[in-house]
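Text of input27.cif, listed as mmCIF, C-alpha atoms:
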data_input
#
loop_
_atom_site.label_atom_id
_atom_site.label_comp_id
_atom_site.auth_asym_id
_atom_site.auth_seq_id
_atom_site.Cartn_x
_atom_site.Cartn_y
_atom_site.Cartn_z
CA MET A 626 -6.53 -29.33 -5.55
CA TYR A 627 -4.53 -26.13 -5.39
CA PRO A 628 -0.88 -26.45 -4.40
CA ILE A 629 -0.19 -25.94 -0.70
CA SER A 630 1.60 -22.60 -1.21
CA PHE A 631 -1.48 -21.28 -2.95
CA GLU A 632 -3.88 -22.58 -0.29
CA LYS A 633 -1.74 -20.95 2.39
CA LEU A 634 -1.84 -17.65 0.53
CA VAL A 635 -5.64 -17.79 0.21
CA ASN A 636 -6.03 -18.71 3.89
CA ILE A 637 -3.93 -15.76 4.98
CA LEU A 638 -5.75 -13.30 2.72
CA GLU A 639 -9.08 -14.61 4.00
CA LYS A 640 -8.16 -13.23 7.43
CA LEU A 641 -8.43 -9.65 6.14
CA PRO A 642 -11.68 -8.03 7.33
CA GLY A 643 -14.67 -8.68 5.09
CA VAL A 644 -12.70 -10.94 2.75
CA GLY A 645 -14.30 -14.29 1.95
CA ASN A 646 -12.91 -17.23 0.03
CA LYS A 647 -13.81 -15.89 -3.42
CA THR A 648 -12.21 -12.50 -2.81
CA ALA A 649 -9.13 -14.09 -1.21
CA GLN A 650 -8.70 -16.25 -4.31
CA ARG A 651 -9.09 -13.20 -6.52
CA TYR A 652 -6.36 -11.42 -4.55
CA ALA A 653 -4.15 -14.52 -4.65
CA PHE A 654 -4.46 -14.91 -8.42
CA ASN A 655 -3.70 -11.23 -8.80
CA LEU A 656 -0.59 -11.60 -6.63
CA LEU A 657 0.53 -14.55 -8.77
CA GLU A 658 0.76 -12.18 -11.74
CA ASN A 659 3.17 -9.93 -9.83
CA SER A 660 6.84 -9.72 -10.69
CA GLN A 661 9.47 -10.84 -8.18
CA GLU A 662 10.13 -7.17 -7.47
CA GLU A 663 6.49 -6.47 -6.67
CA ILE A 664 6.36 -9.49 -4.36
CA ASP A 665 9.47 -8.20 -2.58
CA ASP A 666 7.82 -4.78 -2.17
CA PHE A 667 4.75 -6.45 -0.74
CA VAL A 668 6.83 -8.45 1.73
CA GLU A 669 8.75 -5.32 2.75
CA ALA A 670 5.53 -3.39 3.32
CA ILE A 671 4.12 -6.14 5.52
CA LYS A 672 7.39 -6.39 7.44
CA GLY A 673 7.26 -2.60 7.90
CA ILE A 674 4.32 -3.10 10.26
CA GLN A 675 6.93 -3.82 12.94
CA ASN A 676 8.06 -0.19 12.72
CA ILE A 677 4.62 1.26 13.32
CA LYS A 678 4.12 2.23 16.96
CA ARG A 679 1.72 4.42 18.86
CA CYS A 680 2.87 7.97 19.58
CA LYS A 681 3.81 8.09 23.27
CA LYS A 682 2.14 11.47 23.66
CA CYS A 683 -1.12 11.26 21.72
CA GLY A 684 -1.58 7.62 20.67
CA PHE A 685 -1.58 8.27 16.91
CA LEU A 686 0.40 6.00 14.58
CA SER A 687 4.08 6.80 14.36
CA ASP A 688 7.41 5.46 13.10
CA GLU A 689 9.11 7.08 16.10
CA ASP A 690 8.32 7.79 19.74
CA GLU A 691 6.46 10.97 18.83
CA CYS A 692 4.18 11.27 15.79
CA LEU A 693 4.48 13.83 13.01
CA ILE A 694 1.74 15.99 14.52
CA CYS A 695 3.13 16.03 18.06
CA LYS A 696 6.57 16.90 16.64
CA ASP A 697 5.11 19.79 14.62
CA LYS A 698 6.03 22.97 16.52
CA SER A 699 3.47 25.08 14.64
CA ARG A 700 0.47 23.40 16.27
CA ILE A 701 -1.53 25.30 18.88
CA THR A 702 -0.88 23.43 22.12
CA GLN A 703 -3.76 24.99 24.05
CA SER A 704 -6.40 22.64 22.68
CA ILE A 705 -6.61 18.87 22.41
CA MET A 706 -9.12 17.13 20.18
CA VAL A 707 -9.98 13.64 21.38
CA VAL A 708 -10.80 11.13 18.64
CA ALA A 709 -11.51 7.41 18.78
CA TYR A 710 -9.33 6.19 15.89
CA PRO A 711 -6.36 7.34 13.82
CA GLN A 712 -8.68 7.56 10.77
CA ASP A 713 -10.78 10.17 12.58
CA LEU A 714 -7.71 12.31 13.19
CA VAL A 715 -6.85 12.11 9.50
CA ALA A 716 -10.43 13.04 8.51
CA ILE A 717 -10.23 16.17 10.68
CA GLU A 718 -6.72 17.03 9.45
CA LYS A 719 -7.92 16.87 5.84
CA THR A 720 -10.38 19.68 6.48
CA GLY A 721 -7.43 21.91 7.35
CA SER A 722 -9.57 23.83 9.86
CA TYR A 723 -8.07 22.60 13.11
CA LYS A 724 -4.58 23.58 14.20
CA GLY A 725 -4.49 22.21 17.74
CA GLU A 726 -3.22 18.89 19.00
CA TYR A 727 -4.94 15.51 19.13
CA HIS A 728 -5.40 12.60 21.41
CA VAL A 729 -6.30 9.20 19.94
CA LEU A 730 -8.17 6.87 22.31
CA ASN A 731 -7.72 3.86 19.99
CA GLY A 732 -11.22 2.66 20.70
CA LEU A 733 -14.47 3.60 22.36
CA ILE A 734 -16.06 2.54 25.62
CA SER A 735 -18.52 -0.18 24.67
CA SER A 736 -20.72 -2.23 26.93
CA SER A 737 -21.61 -4.56 24.06
CA LYS A 738 -17.97 -5.22 23.09
CA GLY A 739 -16.79 -5.19 26.70
CA VAL A 740 -14.42 -2.23 26.25
CA PHE A 741 -13.85 -0.30 29.48
CA PRO A 742 -12.13 3.05 30.12
CA GLN A 743 -8.95 1.31 31.28
CA ASP A 744 -8.67 -0.38 27.86
CA LEU A 745 -8.38 2.98 26.15
CA ASN A 746 -5.62 5.56 25.90
CA ILE A 747 -7.25 7.74 28.57
CA ASP A 748 -4.57 7.88 31.29
CA ALA A 749 -2.16 9.48 28.83
CA LEU A 750 -4.84 12.09 28.08
CA LEU A 751 -5.26 12.97 31.74
CA ASN A 752 -1.48 13.25 32.10
CA ARG A 753 -1.46 15.82 29.30
CA ILE A 754 -3.94 18.10 31.07
CA ASP A 755 -2.13 21.01 32.68
CA PRO A 756 -2.98 24.70 33.13
CA SER A 757 -1.73 25.50 29.61
CA ILE A 758 -4.58 23.47 28.07
CA LYS A 759 -7.62 25.68 27.54
CA GLU A 760 -10.00 23.35 25.72
CA VAL A 761 -10.61 19.66 25.13
CA ILE A 762 -12.80 18.98 22.08
CA ILE A 763 -14.45 15.57 22.21
CA ALA A 764 -14.81 14.36 18.64
CA THR A 765 -16.15 10.84 19.02
CA SER A 766 -18.74 9.64 16.50
CA PRO A 767 -22.40 10.26 17.40
CA THR A 768 -23.02 6.54 17.93
CA MET A 769 -24.03 4.86 21.18
CA ASP A 770 -20.43 3.97 22.06
CA GLY A 771 -19.22 7.40 20.96
CA GLU A 772 -21.80 9.16 23.15
CA MET A 773 -20.99 6.94 26.10
CA THR A 774 -17.29 7.70 25.76
CA ALA A 775 -17.98 11.42 25.42
CA LEU A 776 -20.08 11.44 28.59
CA TYR A 777 -17.40 9.54 30.48
CA LEU A 778 -14.63 11.90 29.35
CA ASP A 779 -16.74 14.96 30.11
CA LYS A 780 -17.29 13.68 33.64
CA ILE A 781 -13.62 13.04 34.42
CA LEU A 782 -12.41 16.23 32.70
CA LYS A 783 -14.88 18.54 34.45
CA ASP A 784 -12.91 18.30 37.70
CA LYS A 785 -9.83 19.62 35.91
CA ASN A 786 -11.47 22.98 35.31
CA ILE A 787 -11.02 23.12 31.54
CA LEU A 788 -13.54 23.87 28.81
CA VAL A 789 -14.82 20.58 27.40
CA THR A 790 -16.65 20.86 24.07
CA ARG A 791 -18.17 18.39 21.66
CA LEU A 792 -18.53 18.46 17.86
CA ALA A 793 -21.95 19.74 16.83
CA HIS A 794 -24.66 17.30 15.80
CA GLY A 795 -27.20 18.21 13.17
CA LEU A 796 -28.05 17.91 9.51
CA PRO A 797 -25.07 16.94 7.37
CA MET A 798 -24.34 19.58 4.72
CA GLY A 799 -25.89 18.86 1.33
CA SER A 800 -28.33 16.35 2.81
CA SER A 801 -32.05 16.31 2.24
CA LEU A 802 -34.11 17.16 5.33
CA ASP A 803 -36.77 14.56 4.62
CA TYR A 804 -34.14 11.79 4.48
CA ALA A 805 -32.70 12.68 7.91
CA ASP A 806 -33.49 10.25 10.71
CA ASP A 807 -35.53 11.33 13.73
CA LEU A 808 -32.61 11.56 16.15
CA THR A 809 -30.65 13.79 13.78
CA LEU A 810 -33.69 16.06 13.33
CA ILE A 811 -34.22 16.29 17.09
CA LYS A 812 -30.52 17.17 17.60
CA ALA A 813 -30.68 19.72 14.77
CA LEU A 814 -33.73 21.35 16.36
CA ASP A 815 -32.27 21.30 19.90
CA ASN A 816 -29.02 22.84 18.70
CA ARG A 817 -30.58 25.44 16.42
CA ARG A 818 -28.68 28.71 16.22
CA LYS A 819 -29.61 32.32 15.62
CA ILE A 820 -28.81 33.34 12.08
CA GLU A 821 -26.00 35.85 12.24
CA ASN A 822 -25.81 38.44 9.52
CA GLY A 823 -22.32 39.06 8.17
CA MET B 1233 0.03 12.45 8.30
CA TYR B 1234 0.38 8.70 8.66
CA PRO B 1235 3.89 7.36 9.26
CA ILE B 1236 5.72 6.27 6.10
CA SER B 1237 5.57 2.55 6.96
CA PHE B 1238 1.82 2.80 7.19
CA GLU B 1239 1.47 4.74 3.94
CA LYS B 1240 3.59 2.11 2.18
CA LEU B 1241 1.40 -0.65 3.53
CA VAL B 1242 -1.78 1.08 2.35
CA ASN B 1243 -0.24 1.75 -1.09
CA ILE B 1244 0.67 -1.92 -1.53
CA LEU B 1245 -2.74 -3.17 -0.40
CA GLU B 1246 -4.40 -0.71 -2.78
CA LYS B 1247 -2.87 -2.65 -5.67
CA LEU B 1248 -5.09 -5.66 -4.95
CA PRO B 1249 -7.96 -5.86 -7.45
CA GLY B 1250 -11.02 -3.84 -6.52
CA VAL B 1251 -9.39 -2.40 -3.41
CA GLY B 1252 -9.63 1.38 -3.01
CA ASN B 1253 -8.01 3.63 -0.44
CA LYS B 1254 -10.70 3.12 2.23
CA THR B 1255 -10.54 -0.68 2.00
CA ALA B 1256 -6.74 -0.69 1.90
CA GLN B 1257 -6.72 1.39 5.11
CA ARG B 1258 -9.18 -1.00 6.68
CA TYR B 1259 -6.91 -3.94 5.82
CA ALA B 1260 -3.86 -2.05 7.07
CA PHE B 1261 -5.46 -1.21 10.43
CA ASN B 1262 -6.51 -4.83 10.74
CA LEU B 1263 -2.94 -5.99 10.03
CA LEU B 1264 -1.65 -3.58 12.70
CA GLU B 1265 -3.64 -5.54 15.28
CA ASN B 1266 -1.85 -8.76 14.30
CA SER B 1267 0.72 -10.40 16.51
CA GLN B 1268 4.33 -10.73 15.38
CA GLU B 1269 3.63 -14.40 14.65
CA GLU B 1270 0.67 -13.58 12.42
CA ILE B 1271 2.75 -11.01 10.54
CA ASP B 1272 5.46 -13.63 10.03
CA ASP B 1273 2.85 -16.07 8.69
CA PHE B 1274 1.61 -13.41 6.30
CA VAL B 1275 5.12 -12.70 5.07
CA GLU B 1276 5.81 -16.41 4.62
CA ALA B 1277 2.59 -16.88 2.64
CA ILE B 1278 3.46 -13.99 0.32
CA LYS B 1279 7.00 -15.30 -0.11
CA GLY B 1280 5.50 -18.71 -0.95
CA ILE B 1281 4.24 -17.25 -4.23
CA GLN B 1282 7.75 -17.94 -5.56
CA ASN B 1283 7.06 -21.68 -5.22
CA ILE B 1284 3.88 -21.61 -7.28
CA LYS B 1285 4.51 -22.60 -10.88
CA ARG B 1286 2.41 -23.76 -13.78
CA CYS B 1287 2.17 -27.53 -14.30
CA LYS B 1288 4.35 -28.38 -17.31
CA LYS B 1289 1.71 -30.76 -18.62
CA CYS B 1290 -1.63 -29.01 -18.13
CA GLY B 1291 -0.90 -25.44 -17.04
CA PHE B 1292 -2.66 -25.68 -13.66
CA LEU B 1293 -1.04 -24.24 -10.55
CA SER B 1294 1.54 -26.48 -8.94
CA ASP B 1295 4.32 -26.54 -6.35
CA GLU B 1296 6.23 -29.01 -8.52
CA ASP B 1297 6.74 -29.65 -12.23
CA GLU B 1298 3.53 -31.65 -12.43
CA CYS B 1299 0.34 -30.72 -10.61
CA LEU B 1300 -1.61 -32.90 -8.18
CA ILE B 1301 -4.14 -33.85 -10.84
CA CYS B 1302 -1.61 -34.81 -13.54
CA LYS B 1303 0.27 -36.88 -10.94
CA ASP B 1304 -2.94 -38.69 -9.93
CA LYS B 1305 -2.74 -42.12 -11.62
CA SER B 1306 -6.48 -42.79 -11.11
CA ARG B 1307 -7.56 -40.16 -13.66
CA ILE B 1308 -8.96 -41.30 -16.99
CA THR B 1309 -6.36 -40.18 -19.52
CA GLN B 1310 -8.62 -40.53 -22.57
CA SER B 1311 -10.31 -37.19 -22.16
CA ILE B 1312 -9.01 -33.68 -21.66
CA MET B 1313 -11.22 -30.84 -20.45
CA VAL B 1314 -9.99 -27.44 -21.59
CA VAL B 1315 -10.69 -24.58 -19.18
CA ALA B 1316 -9.67 -20.94 -19.24
CA TYR B 1317 -8.53 -20.47 -15.62
CA PRO B 1318 -7.41 -22.58 -12.64
CA GLN B 1319 -10.60 -21.52 -10.82
CA ASP B 1320 -12.69 -23.17 -13.55
CA LEU B 1321 -10.85 -26.45 -13.06
CA VAL B 1322 -11.52 -26.28 -9.33
CA ALA B 1323 -15.22 -25.54 -9.94
CA ILE B 1324 -15.51 -28.65 -12.15
CA GLU B 1325 -13.50 -30.78 -9.70
CA LYS B 1326 -15.83 -29.79 -6.87
CA THR B 1327 -18.78 -31.37 -8.69
CA GLY B 1328 -16.95 -34.71 -8.51
CA SER B 1329 -18.50 -35.76 -11.82
CA TYR B 1330 -15.45 -35.57 -14.09
CA LYS B 1331 -12.60 -38.04 -13.78
CA GLY B 1332 -10.54 -37.15 -16.86
CA GLU B 1333 -7.59 -34.80 -17.21
CA TYR B 1334 -7.55 -31.04 -17.69
CA HIS B 1335 -5.78 -28.42 -19.68
CA VAL B 1336 -5.69 -24.84 -18.39
CA LEU B 1337 -5.31 -22.15 -21.07
CA ASN B 1338 -4.60 -19.44 -18.50
CA GLY B 1339 -6.68 -16.94 -20.45
CA LEU B 1340 -9.08 -16.55 -23.34
CA ILE B 1341 -8.63 -15.24 -26.85
CA SER B 1342 -9.88 -11.66 -26.71
CA SER B 1343 -9.92 -9.10 -29.46
CA SER B 1344 -10.83 -6.36 -26.98
CA LYS B 1345 -7.96 -7.17 -24.60
CA GLY B 1346 -5.56 -8.05 -27.43
CA VAL B 1347 -5.03 -11.67 -26.34
CA PHE B 1348 -4.10 -13.95 -29.25
CA PRO B 1349 -3.84 -17.76 -29.43
CA GLN B 1350 -0.06 -17.63 -29.08
CA ASP B 1351 -0.49 -15.88 -25.70
CA LEU B 1352 -2.33 -18.90 -24.32
CA ASN B 1353 -1.25 -22.37 -23.22
CA ILE B 1354 -2.43 -23.91 -26.53
CA ASP B 1355 0.79 -25.40 -27.95
CA ALA B 1356 1.12 -27.63 -24.90
CA LEU B 1357 -2.47 -28.79 -25.51
CA LEU B 1358 -1.73 -29.76 -29.11
CA ASN B 1359 1.37 -31.63 -27.94
CA ARG B 1360 -0.80 -33.70 -25.62
CA ILE B 1361 -3.10 -34.86 -28.42
CA ASP B 1362 -2.19 -38.42 -29.46
CA PRO B 1363 -4.26 -41.45 -30.54
CA SER B 1364 -4.94 -42.36 -26.90
CA ILE B 1365 -7.04 -39.20 -26.45
CA LYS B 1366 -10.67 -39.88 -27.36
CA GLU B 1367 -12.34 -36.61 -26.43
CA VAL B 1368 -11.54 -32.96 -25.81
CA ILE B 1369 -14.23 -31.14 -23.83
CA ILE B 1370 -14.10 -27.40 -24.29
CA ALA B 1371 -15.32 -25.82 -21.05
CA THR B 1372 -14.79 -22.12 -21.62
CA SER B 1373 -17.41 -19.73 -20.23
CA PRO B 1374 -20.29 -18.82 -22.57
CA THR B 1375 -19.04 -15.25 -22.96
CA MET B 1376 -17.87 -13.61 -26.18
CA ASP B 1377 -14.20 -14.39 -25.47
CA GLY B 1378 -15.09 -17.89 -24.29
CA GLU B 1379 -17.06 -18.61 -27.48
CA MET B 1380 -14.31 -17.20 -29.66
CA THR B 1381 -11.72 -19.40 -27.95
CA ALA B 1382 -13.99 -22.46 -28.24
CA LEU B 1383 -14.45 -21.89 -31.97
CA TYR B 1384 -10.71 -21.48 -32.47
CA LEU B 1385 -9.89 -24.65 -30.53
CA ASP B 1386 -12.59 -26.60 -32.35
CA LYS B 1387 -11.09 -25.54 -35.68
CA ILE B 1388 -7.52 -26.59 -34.88
CA LEU B 1389 -8.55 -29.81 -33.10
CA LYS B 1390 -10.86 -31.04 -35.90
CA ASP B 1391 -7.86 -31.92 -38.08
CA LYS B 1392 -6.61 -34.24 -35.33
CA ASN B 1393 -9.60 -36.53 -35.74
CA ILE B 1394 -10.79 -36.50 -32.13
CA LEU B 1395 -14.23 -35.88 -30.72
CA VAL B 1396 -14.46 -32.23 -29.65
CA THR B 1397 -17.39 -31.42 -27.36
CA ARG B 1398 -18.57 -28.34 -25.52
CA LEU B 1399 -20.39 -27.90 -22.19
CA ALA B 1400 -24.15 -27.52 -22.72
CA HIS B 1401 -25.77 -24.11 -22.64
CA GLY B 1402 -29.26 -23.63 -21.31
CA LEU B 1403 -31.27 -22.62 -18.28
CA PRO B 1404 -29.30 -22.83 -15.05
CA MET B 1405 -30.89 -25.24 -12.57
CA GLY B 1406 -33.15 -23.61 -10.02
CA SER B 1407 -33.50 -20.46 -12.11
CA SER B 1408 -36.72 -18.76 -13.04
CA LEU B 1409 -37.54 -18.94 -16.76
CA ASP B 1410 -38.90 -15.41 -16.93
CA TYR B 1411 -35.63 -14.05 -15.53
CA ALA B 1412 -33.48 -15.79 -18.16
CA ASP B 1413 -31.99 -13.54 -20.84
CA ASP B 1414 -32.95 -13.96 -24.51
CA LEU B 1415 -29.71 -15.64 -25.58
CA THR B 1416 -29.99 -18.25 -22.84
CA LEU B 1417 -33.60 -18.97 -23.81
CA ILE B 1418 -32.69 -19.32 -27.49
CA LYS B 1419 -29.85 -21.72 -26.57
CA ALA B 1420 -32.16 -23.67 -24.26
CA LEU B 1421 -34.73 -24.01 -27.04
CA ASP B 1422 -32.14 -24.95 -29.69
CA ASN B 1423 -30.63 -27.60 -27.45
CA ARG B 1424 -33.92 -29.07 -26.20
CA ARG B 1425 -33.89 -32.80 -25.52
CA LYS B 1426 -36.44 -35.55 -25.66
CA ILE B 1427 -37.59 -36.45 -22.16
CA GLU B 1428 -36.36 -39.93 -21.42
CA ASN B 1429 -38.46 -42.09 -19.12
CA GLY B 1430 -36.66 -44.28 -16.66
#

Please re-express this file's structure in structure tokens.
Amino acid sequence: MYPISFEKLVNILEKLPGVGNKTAQRYAFNLLENSQEEIDDFVEAIKGIQNIKRCKKCGFLSDEDECLICKDKSRITQSIMVVAYPQDLVAIEKTGSYKGEYHVLNGLISSSKGVFPQDLNIDALLNRIDPSIKEVIIATSPTMDGEMTALYLDKILKDKNILVTRLAHGLPMGSSLDYADDLTLIKALDNRRKIENG
Amino acid sequence: MYPISFEKLVNILEKLPGVGNKTAQRYAFNLLENSQEEIDDFVEAIKGIQNIKRCKKCGFLSDEDECLICKDKSRITQSIMVVAYPQDLVAIEKTGSYKGEYHVLNGLISSSKGVFPQDLNIDALLNRIDPSIKEVIIATSPTMDGEMTALYLDKILKDKNILVTRLAHGLPMGSSLDYADDLTLIKALDNRRKIENG
């Protein structure tokens, strides 16, 4: 019933993750209300995807060969934090408490999804390891795939004689102890620390 | 931190209704995985919005001056069903139980949103009313704005000496009576019908 141009628009929007037919239609009707200028902006933004590459050094998103973080001369180059996805890098950056460099794997080793080490940005990581690097912080999520990837990286980095660390696991701040799951409680107990007085 | 092209993409996607920053990022990362061909298709679909007009006769979406329904010679031209939005027309069409023509108001009279009769596709409706039209079915939603619009249309159509009807209100099929709200129950009671055998 809808004109072909509209059906095409809905079909394309339906390909976005988690978007069903109803939501795609809602987006399409919203786009119909846009001015010609807004449509042009939308088209430009989509076309801009062509300019987005992976940083040759760390794998983060970048408009150029090297990303904004790798180009930043104020970063401490002695430590590399390994994250799975660009979003994770951004989450860490937002805290403002890490000043080293990053390495984005762009995925996690996953037996269920059939993702193997060679599918990830791991070779580039190994190429970055030289005597100037003092620490590699593995910051993958504490999920099954994240743990698997961390173990794999730990194994191959150990031979390189550098300190390999991992983000701490435990109770999230502000959470209620009785709502924590068993695994989190076990980790929190295992990793308990002596209270240090000022 | 993200490259400018990526930020622009997220900003544009955030303008879709109900899409926040997290969802826009999710869409953006998904689009990044697309092939050049898929990106081109997306761009074409967005550009296609320019081809979508309102049918000159009924106000429904159309690629041409007249929509697919108004061009369909098999429709019964004696009755016009008035709906608020194109989606409503499609919902009725899907039932397959209405063979007349439609008129899409493209909105509802709303005191809260400041929408007045002159903002809607009502003049074109009045122009369509001639002695060949036997019935106008008002199929606005049973909401405050929908009721207000129905009352207004009923008032201006009465002078034209045509039968004006309204979709029935009552219990939705398959619903549980004790979950129905008071207004629905009152309507269902008011509009009760004699059970007809065979």

**the PyMOL selection byres ((chain B and resi 1356) around 10) resolved against shown file, as a list in words** =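 On this input, the PyMOL selection byres ((chain B and resi 1356) around 10) captures Lys1288, Lys1289, Cys1290, Gly1291, His1335, Val1336, Leu1337, Leu1352, Asn1353, Ile1354, Asp1355, Leu1357, Leu1358, Asn1359, Arg1360 and Ile1361 of chain B.
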
**Message:** Please find the residues of chain A near chain B - the criterion being any atom within 6 Å, counting only C-alpha atoms - and write them as a list in words.
**Reply:** Pro628, Ser630, Lys633, Leu634, Leu641, Tyr652, Val668, Ala670, Gly673, Ser687 and Asp688 of chain A

**Item:** Ground truth for the PyMOL selection byres ((chain A and resi 702-704) around 12), written as a PyMOL selection string
**Value:** chain A and resi 694-701+705-707+723-728+750+753-763+787-790

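Our summary of the geometry notes that CA of Ser737 in chain A is positioned 13.1 Å from CA of Thr774 in chain A.
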
**Item:** Gap from CA of Ser1342 in chain B to CA of Ser1373 in chain B - Å, one decimal
**Value:** 12.8 Å

**Message:** Considering all atoms listed in the file, can you say which of A:Lys785, A:Lys780, A:His794, A:Arg679 comes closest to Ile811 in chain A?
**Reply:**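 Using all atoms listed in the file, the shortest distance to Ile811 in chain A belongs to A:His794.
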
**Prompt:** At what distance in Å, to one decimal, does CA of Lys783 in chain A lie from CA of Phe741 in chain A?
**Reply:**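 We find that CA of Phe741 in chain A and CA of Lys783 in chain A lie 19.5 Å from each other.
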
**Prompt:** Out of A:Glu662, A:Glu772, A:Asp784, A:Asp690, which residue has the shortest atom-to-atom distance to Ile734 in chain A when counting all atoms listed in the file?
**Reply:** A:Glu772

Listed atoms of range 1311-1327 of chain B boxed along x, y and z, 4 Å each side, centre and edge lengths in Å, one decimal, as AutoDock Vina command-line options:
--center_x -13.1 --center_y -28.8 --center_z -14.5 --size_x 19.4 --size_y 24.7 --size_z 23.3

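For the choices A:Gly799, A:Leu792, A:Gly732, A:Tyr777, the atom-to-atom distance to Asn816 in chain A is smallest for A:Leu792 when using all atoms listed in the file.
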